[in-house]
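Asks: Sharing data.txt, compact mmCIF, C-alpha atoms:
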```
# COMPACT_ATOMS: atom_id res chain seq x y z
CA MET F 27 20.77 -27.60 25.20
CA ALA F 28 22.66 -29.20 22.30
CA ASP F 29 20.11 -31.15 20.26
CA VAL F 30 22.25 -34.18 19.42
CA ASN F 31 19.35 -36.33 18.23
CA ARG F 32 18.04 -33.82 15.66
CA GLY F 33 16.28 -35.48 12.73
CA ASN F 34 16.50 -38.95 14.24
CA ARG F 35 13.40 -38.90 16.43
CA PRO F 36 10.27 -40.95 15.75
CA LEU F 37 7.56 -38.88 14.03
CA SER F 38 3.85 -39.19 14.63
CA PRO F 39 2.12 -40.41 11.49
CA HIS F 40 0.19 -37.66 9.74
CA LEU F 41 -0.67 -37.79 6.01
CA SER F 42 -0.32 -41.56 5.79
CA ILE F 43 -3.05 -42.33 8.36
CA TYR F 44 -5.77 -40.27 6.67
CA ARG F 45 -7.95 -41.68 3.91
CA PRO F 46 -8.15 -39.34 0.88
CA GLN F 47 -10.89 -36.77 1.41
CA LEU F 48 -12.49 -34.28 -0.96
CA THR F 49 -11.14 -31.34 1.08
CA SER F 50 -7.53 -32.57 1.08
CA MET F 51 -7.64 -33.66 -2.59
CA THR F 52 -9.08 -30.34 -3.81
CA SER F 53 -6.45 -28.56 -1.69
CA ILE F 54 -3.41 -30.35 -3.14
CA LEU F 55 -4.90 -30.11 -6.64
CA THR F 56 -4.84 -26.30 -6.25
CA ARG F 57 -1.07 -26.43 -5.66
CA ILE F 58 -0.47 -28.95 -8.46
CA THR F 59 -2.46 -26.97 -11.07
CA GLY F 60 -0.92 -23.65 -10.01
CA ASN F 61 2.66 -24.84 -10.32
CA ALA F 62 2.12 -27.03 -13.40
CA MET F 63 0.84 -24.00 -15.29
CA LEU F 64 4.41 -22.66 -15.36
CA ILE F 65 4.75 -24.81 -18.50
CA THR F 66 1.72 -23.11 -20.05
CA ALA F 67 2.96 -19.64 -19.10
CA LEU F 68 6.39 -20.33 -20.62
CA LEU F 69 4.77 -21.66 -23.82
CA VAL F 70 2.67 -18.48 -24.10
CA VAL F 71 5.74 -16.28 -23.57
CA TRP F 72 7.64 -18.34 -26.18
CA TRP F 73 4.75 -17.83 -28.62
CA PHE F 74 4.79 -14.04 -28.07
CA LEU F 75 8.58 -13.96 -28.48
CA ALA F 76 8.27 -15.87 -31.75
CA ALA F 77 5.46 -13.64 -33.00
CA SER F 78 7.58 -10.54 -32.32
CA SER F 79 10.62 -12.09 -34.06
CA GLY F 80 9.17 -12.63 -37.52
CA GLN F 81 7.29 -15.02 -39.76
CA GLY F 82 9.81 -17.90 -39.75
CA TYR F 83 10.15 -18.30 -35.97
CA PHE F 84 6.41 -17.67 -35.50
CA ASP F 85 5.51 -20.52 -37.87
CA ILE F 86 7.65 -22.98 -35.88
CA VAL F 87 6.32 -22.04 -32.41
CA ASN F 88 2.75 -21.54 -33.63
CA GLY F 89 3.02 -24.98 -35.23
CA VAL F 90 3.95 -26.49 -31.85
CA LEU F 91 1.14 -24.73 -29.98
CA THR F 92 -1.57 -25.54 -32.54
CA SER F 93 -0.50 -29.15 -33.17
CA TRP F 94 -2.65 -31.96 -31.68
CA PHE F 95 -0.21 -32.18 -28.78
CA GLY F 96 -0.28 -28.40 -28.33
CA ASP F 97 -4.08 -28.54 -28.34
CA LEU F 98 -3.97 -31.25 -25.67
CA VAL F 99 -1.60 -29.20 -23.48
CA MET F 100 -3.78 -26.09 -23.95
CA PHE F 101 -6.97 -28.05 -23.13
CA PHE F 102 -5.57 -29.31 -19.82
CA SER F 103 -4.08 -25.86 -19.16
CA VAL F 104 -7.52 -24.26 -19.51
CA LEU F 105 -9.01 -26.93 -17.21
CA GLY F 106 -6.20 -26.39 -14.67
CA LEU F 107 -6.53 -22.62 -15.00
CA TRP F 108 -10.26 -22.55 -14.24
CA TYR F 109 -9.83 -25.06 -11.42
CA HIS F 110 -7.03 -22.99 -9.85
CA THR F 111 -9.07 -19.80 -10.35
CA LEU F 112 -12.17 -21.22 -8.60
CA ALA F 113 -10.03 -22.76 -5.85
CA GLY F 114 -8.42 -19.34 -5.42
CA VAL F 115 -11.84 -17.74 -5.04
CA ARG F 116 -12.54 -20.38 -2.39
CA HIS F 117 -9.41 -19.22 -0.53
CA LEU F 118 -10.49 -15.57 -0.84
CA ILE F 119 -13.81 -16.60 0.75
CA TRP F 120 -12.10 -18.61 3.50
CA ASP F 121 -9.77 -15.68 4.26
CA ASN F 122 -12.84 -14.01 5.78
CA ALA F 123 -13.27 -17.00 8.15
CA VAL F 124 -16.62 -17.95 6.64
CA MET F 125 -17.90 -21.20 5.02
CA MET F 126 -15.17 -23.22 6.73
CA ASP F 127 -17.42 -25.94 8.24
CA ILE F 128 -16.91 -29.35 6.63
CA PRO F 129 -20.27 -29.72 4.77
CA THR F 130 -19.88 -26.24 3.22
CA ALA F 131 -16.17 -26.81 2.46
CA GLU F 132 -17.07 -30.03 0.64
CA LYS F 133 -19.81 -28.25 -1.34
CA LEU F 134 -17.25 -25.60 -2.35
CA GLY F 135 -14.89 -28.42 -3.40
CA TRP F 136 -17.53 -29.90 -5.69
CA ALA F 137 -18.26 -26.39 -6.99
CA CYS F 138 -14.57 -26.00 -7.95
CA ILE F 139 -14.53 -29.37 -9.76
CA GLY F 140 -17.89 -28.93 -11.53
CA GLY F 141 -17.33 -25.25 -12.22
CA SER F 142 -13.92 -25.82 -13.79
CA VAL F 143 -15.31 -28.51 -16.13
CA LEU F 144 -18.21 -26.21 -17.09
CA LEU F 145 -15.94 -23.18 -17.67
CA THR F 146 -13.56 -25.36 -19.72
CA LEU F 147 -16.42 -26.53 -21.97
CA ILE F 148 -17.53 -22.90 -22.41
CA THR F 149 -13.96 -21.79 -23.20
CA VAL F 150 -13.38 -24.60 -25.69
CA SER F 151 -16.67 -23.88 -27.47
CA VAL F 152 -16.07 -20.08 -27.62
CA VAL F 153 -12.40 -19.94 -28.70
CA MET Q 25 6.18 -10.87 32.88
CA ALA Q 26 2.99 -9.46 34.37
CA PHE Q 27 3.62 -6.15 32.61
CA LEU Q 28 3.76 -7.81 29.16
CA THR Q 29 0.61 -8.19 27.08
CA ASP Q 30 -0.20 -11.57 25.48
CA ARG Q 31 0.65 -10.14 22.08
CA LYS Q 32 4.04 -8.83 23.20
CA ARG Q 33 4.94 -12.25 24.61
CA ALA Q 34 3.99 -13.98 21.33
CA MET Q 35 5.73 -11.48 19.02
CA GLY Q 36 8.81 -12.82 17.21
CA LEU Q 37 8.08 -16.43 18.10
CA GLY Q 38 7.22 -19.12 15.55
CA SER Q 39 8.98 -20.06 12.35
CA ALA Q 40 7.49 -17.40 10.07
CA LYS Q 41 8.46 -13.77 10.53
CA SER Q 42 7.07 -12.12 7.44
CA GLY Q 43 4.13 -14.27 6.35
CA THR Q 44 1.54 -11.48 6.42
CA ALA Q 45 3.17 -9.44 3.64
CA HIS Q 46 3.57 -12.58 1.50
CA HIS Q 47 -0.06 -13.58 2.02
CA TRP Q 48 -1.31 -10.07 1.22
CA SER Q 49 0.83 -9.96 -1.94
CA MET Q 50 -0.73 -13.29 -2.97
CA THR Q 51 -4.22 -11.92 -2.25
CA LEU Q 52 -3.61 -8.78 -4.34
CA SER Q 53 -2.24 -10.68 -7.35
CA SER Q 54 -5.02 -13.30 -7.16
CA VAL Q 55 -7.75 -10.64 -7.27
CA ALA Q 56 -5.97 -8.90 -10.17
CA LEU Q 57 -5.75 -12.22 -12.05
CA LEU Q 58 -9.43 -12.87 -11.41
CA VAL Q 59 -10.09 -9.87 -13.68
CA LEU Q 60 -7.15 -10.28 -16.08
CA LEU Q 61 -7.25 -14.00 -16.83
CA PRO Q 62 -10.76 -14.25 -18.32
CA LEU Q 63 -9.88 -11.21 -20.50
CA PHE Q 64 -6.60 -12.85 -21.53
CA VAL Q 65 -8.07 -16.31 -22.17
CA PHE Q 66 -10.73 -14.95 -24.51
CA THR Q 67 -8.45 -12.47 -26.36
CA PHE Q 68 -5.46 -14.85 -26.67
CA GLY Q 69 -7.81 -17.74 -27.45
CA ALA Q 70 -9.41 -15.72 -30.23
CA ALA Q 71 -6.01 -14.86 -31.71
CA LEU Q 72 -4.41 -18.31 -31.42
CA GLY Q 73 -4.76 -20.25 -34.65
CA GLY Q 74 -4.60 -17.15 -36.85
CA THR Q 75 -1.98 -16.50 -39.52
CA TYR Q 76 1.15 -14.45 -38.82
CA GLU Q 77 -0.41 -11.35 -40.44
CA GLU Q 78 -3.59 -11.73 -38.36
CA ILE Q 79 -1.61 -12.09 -35.11
CA VAL Q 80 0.54 -9.02 -35.85
CA ALA Q 81 -2.58 -6.96 -36.67
CA TYR Q 82 -4.46 -8.27 -33.59
CA TYR Q 83 -1.68 -7.44 -31.11
CA ALA Q 84 -1.13 -4.03 -32.68
CA ARG Q 85 -4.46 -3.12 -31.02
CA PRO Q 86 -4.06 -1.60 -27.53
CA PHE Q 87 -6.62 -3.68 -25.60
CA PRO Q 88 -5.34 -7.23 -26.35
CA ALA Q 89 -1.71 -6.06 -26.02
CA ILE Q 90 -2.22 -4.32 -22.64
CA VAL Q 91 -4.26 -7.25 -21.30
CA ALA Q 92 -1.55 -9.72 -22.38
CA ALA Q 93 1.31 -7.65 -20.92
CA LEU Q 94 -0.47 -7.11 -17.57
CA THR Q 95 -1.49 -10.79 -17.39
CA ILE Q 96 2.09 -11.96 -17.97
CA LEU Q 97 3.46 -9.51 -15.37
CA VAL Q 98 0.95 -10.36 -12.61
CA THR Q 99 0.93 -14.11 -13.43
CA PHE Q 100 4.69 -14.44 -12.97
CA LYS Q 101 4.62 -12.38 -9.75
CA HIS Q 102 1.80 -14.64 -8.46
CA PHE Q 103 3.66 -17.77 -9.64
CA ASN Q 104 6.88 -16.64 -7.97
CA ASP Q 105 5.13 -16.06 -4.62
CA GLY Q 106 3.32 -19.39 -4.94
CA VAL Q 107 6.29 -21.52 -5.97
CA GLN Q 108 8.30 -20.01 -3.09
CA THR Q 109 5.75 -21.43 -0.63
CA LEU Q 110 5.85 -24.80 -2.44
CA LEU Q 111 9.66 -24.92 -2.22
CA GLU Q 112 9.66 -23.83 1.44
CA ASP Q 113 7.29 -26.71 2.21
CA TYR Q 114 9.06 -29.53 0.34
CA VAL Q 115 12.72 -28.55 -0.21
CA HIS Q 116 15.08 -27.79 2.67
CA GLY Q 117 18.58 -26.49 3.32
CA LEU Q 118 20.79 -25.22 0.51
CA ALA Q 119 18.62 -26.84 -2.16
CA GLN Q 120 15.70 -24.70 -0.95
CA LYS Q 121 17.66 -21.46 -1.32
CA VAL Q 122 19.04 -22.45 -4.73
CA SER Q 123 15.64 -23.53 -6.08
CA ILE Q 124 13.95 -20.33 -4.84
CA VAL Q 125 16.67 -18.24 -6.52
CA VAL Q 126 16.33 -20.24 -9.77
CA MET Q 127 12.52 -19.99 -9.83
CA THR Q 128 12.68 -16.26 -9.07
CA CYS Q 129 15.09 -15.75 -11.99
CA ILE Q 130 12.81 -17.79 -14.28
CA SER Q 131 9.74 -15.81 -13.14
CA TYR Q 132 11.18 -12.34 -13.68
CA GLY Q 133 13.10 -13.45 -16.78
CA ALA Q 134 10.02 -14.91 -18.46
CA ALA Q 135 7.95 -11.84 -17.50
CA ALA Q 136 10.57 -9.54 -19.06
CA VAL Q 137 10.76 -11.62 -22.26
CA GLY Q 138 6.95 -11.68 -22.55
CA ILE Q 139 6.50 -7.94 -22.00
CA PHE Q 140 9.36 -7.10 -24.38
CA ALA Q 141 7.86 -9.36 -27.06
CA ILE Q 142 4.39 -7.82 -26.69
CA ALA Q 143 5.84 -4.29 -26.81
CA ARG Q 144 7.75 -5.12 -30.02
CA LEU Q 145 4.68 -6.79 -31.50
CA ALA Q 146 2.38 -3.89 -30.58
CA LEU Q 147 4.58 -0.95 -31.57
```
Rewrite the structure of this file - the entire thing - as structure tokens.
Replies:
Amino acid sequence: MADVNRGNRPLSPHLSIYRPQLTSMTSILTRITGNAMLITALLVVWWFLAASSGQGYFDIVNGVLTSWFGDLVMFFSVLGLWYHTLAGVRHLIWDNAVMMDIPTAEKLGWACIGGSVLLTLITVSVV
Amino acid sequence: MAFLTDRKRAMGLGSAKSGTAHHWSMTLSSVALLVLLPLFVFTFGAALGGTYEEIVAYYARPFPAIVAALTILVTFKHFNDGVQTLLEDYVHGLAQKVSIVVMTCISYGAAAVGIFAIARLAL
């Protein structure tokens, strides 16, 4: 039963033979946004640490977060956050084994994209 | 074999042995974040850009401080569960174990730093 040829067998093609589809793109985007937001979370923690440490440290970190580059990072973080949130709601819906047919799944995909842009515009205009 | 049910024959097979608990943990934290994150975005967003004195006064209030502490705690738990799945999918062997350990340390470490900072700021 020794598997001497392990790892050296031909594989059937999988990802590479599919054209990009809305369902697969919105799926991988959920993972990308979720994990990329580690940077945002660490920046927020750094900001709180600085604020609790005193005026001098706060001014440095607050300066980074409210600079044009900080604004840019925060803008894309908010966009990623709302996208990941809506995509998460989509998973909570799918967990009940409903709305999983392709036309509905694609509509939900567009809802995640459109909804995240809309929520980002609302967030940017409110805060 | 005839005495075994279909379920009994399937039990213990497959690559995942404890996926249900992980998935349920992910579900719980995602529902919690669905409530916490809008509250955090609009309280933190309102505070960000203020002076040092304004920030200290703002986070001395219980509501923004509790929302921020809970959000940081649940976010890093949710991140840790999520990044574990990412690493299990794309990284294998020793590198997988090491990266999961490192990300778990970062998750709990950052959560502890965040909660400590908010407590010091609020009290």
Asks: Could you tell me how far CA of Ala92 (chain Q) sits from CA of Gln81 (chain F), in Å to one decimal place?
Replies: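 Distance reported for this atom pair: 20.2 Å.
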Asks: What lies within 12 Å of region 108-120 of chain Q using all atoms listed in the file, ignoring chain neighbours under 3 positions off, as a PyMOL selection string?
Replies: (chain F and resi 54+56-58+60-62) or (chain Q and resi 39-40+43+46-47+50+100-105+123-129+131)
Asks: Hey, can you check how far CA of Ala113 (chain F) sits from CA of Leu97 (chain Q)?
Replies: 21.2 Å
Asks: Rank F:Leu37, F:Pro129, F:Val152, F:Val124 by their smallest atom-to-atom distance to chain Q, using all atoms listed in the file, and report the top residue only.
Replies: F:Val152
Asks: Return as a PDB file with C-alpha atoms, in the frame of the given file the residues belonging to chain Q that are within 9 Å of chain F, counting all atoms listed in the file.
Replies:
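What ended up in out-v8.pdb:
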```
ATOM      1  CA  THR Q  51      -4.220 -11.920  -2.250  1.00  0.00           C
ATOM      2  CA  SER Q  54      -5.020 -13.300  -7.160  1.00  0.00           C
ATOM      3  CA  VAL Q  55      -7.750 -10.640  -7.270  1.00  0.00           C
ATOM      4  CA  LEU Q  57      -5.750 -12.220 -12.050  1.00  0.00           C
ATOM      5  CA  LEU Q  58      -9.430 -12.870 -11.410  1.00  0.00           C
ATOM      6  CA  LEU Q  61      -7.250 -14.000 -16.830  1.00  0.00           C
ATOM      7  CA  VAL Q  65      -8.070 -16.310 -22.170  1.00  0.00           C
ATOM      8  CA  PHE Q  66     -10.730 -14.950 -24.510  1.00  0.00           C
ATOM      9  CA  THR Q  67      -8.450 -12.470 -26.360  1.00  0.00           C
ATOM     10  CA  PHE Q  68      -5.460 -14.850 -26.670  1.00  0.00           C
ATOM     11  CA  GLY Q  69      -7.810 -17.740 -27.450  1.00  0.00           C
ATOM     12  CA  ALA Q  70      -9.410 -15.720 -30.230  1.00  0.00           C
ATOM     13  CA  ALA Q  71      -6.010 -14.860 -31.710  1.00  0.00           C
ATOM     14  CA  LEU Q  72      -4.410 -18.310 -31.420  1.00  0.00           C
ATOM     15  CA  GLY Q  73      -4.760 -20.250 -34.650  1.00  0.00           C
ATOM     16  CA  THR Q  75      -1.980 -16.500 -39.520  1.00  0.00           C
ATOM     17  CA  TYR Q  76       1.150 -14.450 -38.820  1.00  0.00           C
ATOM     18  CA  GLU Q  77      -0.410 -11.350 -40.440  1.00  0.00           C
ATOM     19  CA  ILE Q  79      -1.610 -12.090 -35.110  1.00  0.00           C
ATOM     20  CA  VAL Q  80       0.540  -9.020 -35.850  1.00  0.00           C
ATOM     21  CA  ILE Q  96       2.090 -11.960 -17.970  1.00  0.00           C
ATOM     22  CA  THR Q  99       0.930 -14.110 -13.430  1.00  0.00           C
ATOM     23  CA  PHE Q 100       4.690 -14.440 -12.970  1.00  0.00           C
ATOM     24  CA  PHE Q 103       3.660 -17.770  -9.640  1.00  0.00           C
ATOM     25  CA  GLY Q 106       3.320 -19.390  -4.940  1.00  0.00           C
ATOM     26  CA  VAL Q 107       6.290 -21.520  -5.970  1.00  0.00           C
ATOM     27  CA  LEU Q 110       5.850 -24.800  -2.440  1.00  0.00           C
ATOM     28  CA  SER Q 131       9.740 -15.810 -13.140  1.00  0.00           C
ATOM     29  CA  ALA Q 134      10.020 -14.910 -18.460  1.00  0.00           C
ATOM     30  CA  ALA Q 135       7.950 -11.840 -17.500  1.00  0.00           C
ATOM     31  CA  VAL Q 137      10.760 -11.620 -22.260  1.00  0.00           C
ATOM     32  CA  GLY Q 138       6.950 -11.680 -22.550  1.00  0.00           C
ATOM     33  CA  ILE Q 139       6.500  -7.940 -22.000  1.00  0.00           C
ATOM     34  CA  PHE Q 140       9.360  -7.100 -24.380  1.00  0.00           C
ATOM     35  CA  ALA Q 141       7.860  -9.360 -27.060  1.00  0.00           C
ATOM     36  CA  ILE Q 142       4.390  -7.820 -26.690  1.00  0.00           C
ATOM     37  CA  ALA Q 143       5.840  -4.290 -26.810  1.00  0.00           C
ATOM     38  CA  ARG Q 144       7.750  -5.120 -30.020  1.00  0.00           C
ATOM     39  CA  LEU Q 145       4.680  -6.790 -31.500  1.00  0.00           C
ATOM     40  CA  ALA Q 146       2.380  -3.890 -30.580  1.00  0.00           C
TER      41      ALA Q 146
END
```
Asks: Would you work out the distance separating CA of Val90 (chain F) from CA of Thr66 (chain F), expressed in Å to one decimal?
Replies: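 Value for the CA of Val90 (chain F)-CA of Thr66 (chain F) distance: 12.5 Å.
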Asks: Rank nothing, just name the residue among Q:Lys121, Q:Met35, Q:Val98, Q:Ala26 nearest to Leu52 (chain Q), using all atoms listed in the file.
Replies: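 Looking only at the distances to Leu52 (chain Q), the closest residue turns out to be Q:Val98.
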Asks: Show which residues sit within 12 Å of Ile139 (chain F), as a count of residues only. Count only C-alpha atoms, and ignore same-chain residues fewer than 2 positions away.
Replies: 29
Asks: Have a look at Q:Glu78, Q:Arg85, Q:Leu37, Q:Thr95 and name the one nearest to Pro62 (chain Q); count all atoms listed in the file.
Replies: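 So, comparing all the options, the nearest one is Q:Thr95.
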Asks: Have region 78-104 of chain F completed to N, CA and C atoms, please, and pass it along as a PDB file, in the coordinates of the input.
Replies:
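Once written, rebuild-v5.pdb looks like this:
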```
ATOM      1  N   SER F  78       6.906 -11.849 -32.206  1.00  0.00           N
ATOM      2  CA  SER F  78       7.580 -10.540 -32.320  1.00  0.00           C
ATOM      3  C   SER F  78       8.879 -10.650 -33.110  1.00  0.00           C
ATOM      4  N   SER F  79       9.326 -11.907 -33.397  1.00  0.00           N
ATOM      5  CA  SER F  79      10.620 -12.090 -34.060  1.00  0.00           C
ATOM      6  C   SER F  79      10.520 -12.229 -35.574  1.00  0.00           C
ATOM      7  N   GLY F  80       9.324 -12.508 -36.076  1.00  0.00           N
ATOM      8  CA  GLY F  80       9.170 -12.630 -37.520  1.00  0.00           C
ATOM      9  C   GLY F  80       8.455 -13.904 -37.934  1.00  0.00           C
ATOM     10  N   GLN F  81       8.109 -13.940 -39.195  1.00  0.00           N
ATOM     11  CA  GLN F  81       7.290 -15.020 -39.760  1.00  0.00           C
ATOM     12  C   GLN F  81       7.877 -16.418 -39.536  1.00  0.00           C
ATOM     13  N   GLY F  82       9.197 -16.572 -39.792  1.00  0.00           N
ATOM     14  CA  GLY F  82       9.810 -17.900 -39.750  1.00  0.00           C
ATOM     15  C   GLY F  82       9.728 -18.540 -38.378  1.00  0.00           C
ATOM     16  N   TYR F  83      10.162 -17.788 -37.350  1.00  0.00           N
ATOM     17  CA  TYR F  83      10.150 -18.300 -35.970  1.00  0.00           C
ATOM     18  C   TYR F  83       8.714 -18.508 -35.507  1.00  0.00           C
ATOM     19  N   PHE F  84       7.821 -17.561 -35.891  1.00  0.00           N
ATOM     20  CA  PHE F  84       6.410 -17.670 -35.500  1.00  0.00           C
ATOM     21  C   PHE F  84       5.808 -18.976 -36.014  1.00  0.00           C
ATOM     22  N   ASP F  85       6.101 -19.309 -37.282  1.00  0.00           N
ATOM     23  CA  ASP F  85       5.510 -20.520 -37.870  1.00  0.00           C
ATOM     24  C   ASP F  85       5.926 -21.772 -37.098  1.00  0.00           C
ATOM     25  N   ILE F  86       7.178 -21.803 -36.629  1.00  0.00           N
ATOM     26  CA  ILE F  86       7.650 -22.980 -35.880  1.00  0.00           C
ATOM     27  C   ILE F  86       6.903 -23.101 -34.545  1.00  0.00           C
ATOM     28  N   VAL F  87       6.922 -21.996 -33.748  1.00  0.00           N
ATOM     29  CA  VAL F  87       6.320 -22.040 -32.410  1.00  0.00           C
ATOM     30  C   VAL F  87       4.798 -22.179 -32.502  1.00  0.00           C
ATOM     31  N   ASN F  88       4.190 -21.436 -33.438  1.00  0.00           N
ATOM     32  CA  ASN F  88       2.750 -21.540 -33.630  1.00  0.00           C
ATOM     33  C   ASN F  88       2.368 -22.957 -34.046  1.00  0.00           C
ATOM     34  N   GLY F  89       3.248 -23.596 -34.830  1.00  0.00           N
ATOM     35  CA  GLY F  89       3.020 -24.980 -35.230  1.00  0.00           C
ATOM     36  C   GLY F  89       3.009 -25.925 -34.034  1.00  0.00           C
ATOM     37  N   VAL F  90       3.912 -25.668 -33.067  1.00  0.00           N
ATOM     38  CA  VAL F  90       3.950 -26.490 -31.850  1.00  0.00           C
ATOM     39  C   VAL F  90       2.681 -26.303 -31.037  1.00  0.00           C
ATOM     40  N   LEU F  91       2.283 -25.016 -30.848  1.00  0.00           N
ATOM     41  CA  LEU F  91       1.140 -24.730 -29.980  1.00  0.00           C
ATOM     42  C   LEU F  91      -0.194 -25.161 -30.578  1.00  0.00           C
ATOM     43  N   THR F  92      -0.283 -25.190 -31.923  1.00  0.00           N
ATOM     44  CA  THR F  92      -1.570 -25.540 -32.540  1.00  0.00           C
ATOM     45  C   THR F  92      -1.572 -26.963 -33.094  1.00  0.00           C
ATOM     46  N   SER F  93      -0.494 -27.735 -32.792  1.00  0.00           N
ATOM     47  CA  SER F  93      -0.500 -29.150 -33.170  1.00  0.00           C
ATOM     48  C   SER F  93      -1.481 -29.911 -32.260  1.00  0.00           C
ATOM     49  N   TRP F  94      -1.715 -31.204 -32.540  1.00  0.00           N
ATOM     50  CA  TRP F  94      -2.650 -31.960 -31.680  1.00  0.00           C
ATOM     51  C   TRP F  94      -2.125 -32.024 -30.256  1.00  0.00           C
ATOM     52  N   PHE F  95      -0.787 -32.110 -30.121  1.00  0.00           N
ATOM     53  CA  PHE F  95      -0.210 -32.180 -28.780  1.00  0.00           C
ATOM     54  C   PHE F  95      -0.330 -30.817 -28.086  1.00  0.00           C
ATOM     55  N   GLY F  96      -0.098 -29.743 -28.862  1.00  0.00           N
ATOM     56  CA  GLY F  96      -0.280 -28.400 -28.330  1.00  0.00           C
ATOM     57  C   GLY F  96      -1.712 -28.158 -27.882  1.00  0.00           C
ATOM     58  N   ASP F  97      -2.659 -28.641 -28.688  1.00  0.00           N
ATOM     59  CA  ASP F  97      -4.080 -28.540 -28.340  1.00  0.00           C
ATOM     60  C   ASP F  97      -4.377 -29.255 -27.030  1.00  0.00           C
ATOM     61  N   LEU F  98      -3.763 -30.450 -26.877  1.00  0.00           N
ATOM     62  CA  LEU F  98      -3.970 -31.250 -25.670  1.00  0.00           C
ATOM     63  C   LEU F  98      -3.432 -30.512 -24.442  1.00  0.00           C
ATOM     64  N   VAL F  99      -2.211 -29.952 -24.585  1.00  0.00           N
ATOM     65  CA  VAL F  99      -1.600 -29.200 -23.480  1.00  0.00           C
ATOM     66  C   VAL F  99      -2.474 -27.990 -23.144  1.00  0.00           C
ATOM     67  N   MET F 100      -2.956 -27.279 -24.176  1.00  0.00           N
ATOM     68  CA  MET F 100      -3.780 -26.090 -23.950  1.00  0.00           C
ATOM     69  C   MET F 100      -5.123 -26.456 -23.311  1.00  0.00           C
ATOM     70  N   PHE F 101      -5.691 -27.612 -23.713  1.00  0.00           N
ATOM     71  CA  PHE F 101      -6.970 -28.050 -23.130  1.00  0.00           C
ATOM     72  C   PHE F 101      -6.808 -28.280 -21.626  1.00  0.00           C
ATOM     73  N   PHE F 102      -5.778 -29.039 -21.245  1.00  0.00           N
ATOM     74  CA  PHE F 102      -5.570 -29.310 -19.820  1.00  0.00           C
ATOM     75  C   PHE F 102      -5.133 -28.043 -19.072  1.00  0.00           C
ATOM     76  N   SER F 103      -4.446 -27.129 -19.786  1.00  0.00           N
ATOM     77  CA  SER F 103      -4.080 -25.860 -19.160  1.00  0.00           C
ATOM     78  C   SER F 103      -5.321 -25.050 -18.815  1.00  0.00           C
ATOM     79  N   VAL F 104      -6.284 -25.012 -19.750  1.00  0.00           N
ATOM     80  CA  VAL F 104      -7.520 -24.260 -19.510  1.00  0.00           C
ATOM     81  C   VAL F 104      -8.290 -24.894 -18.334  1.00  0.00           C
TER      82      VAL F 104
END
```
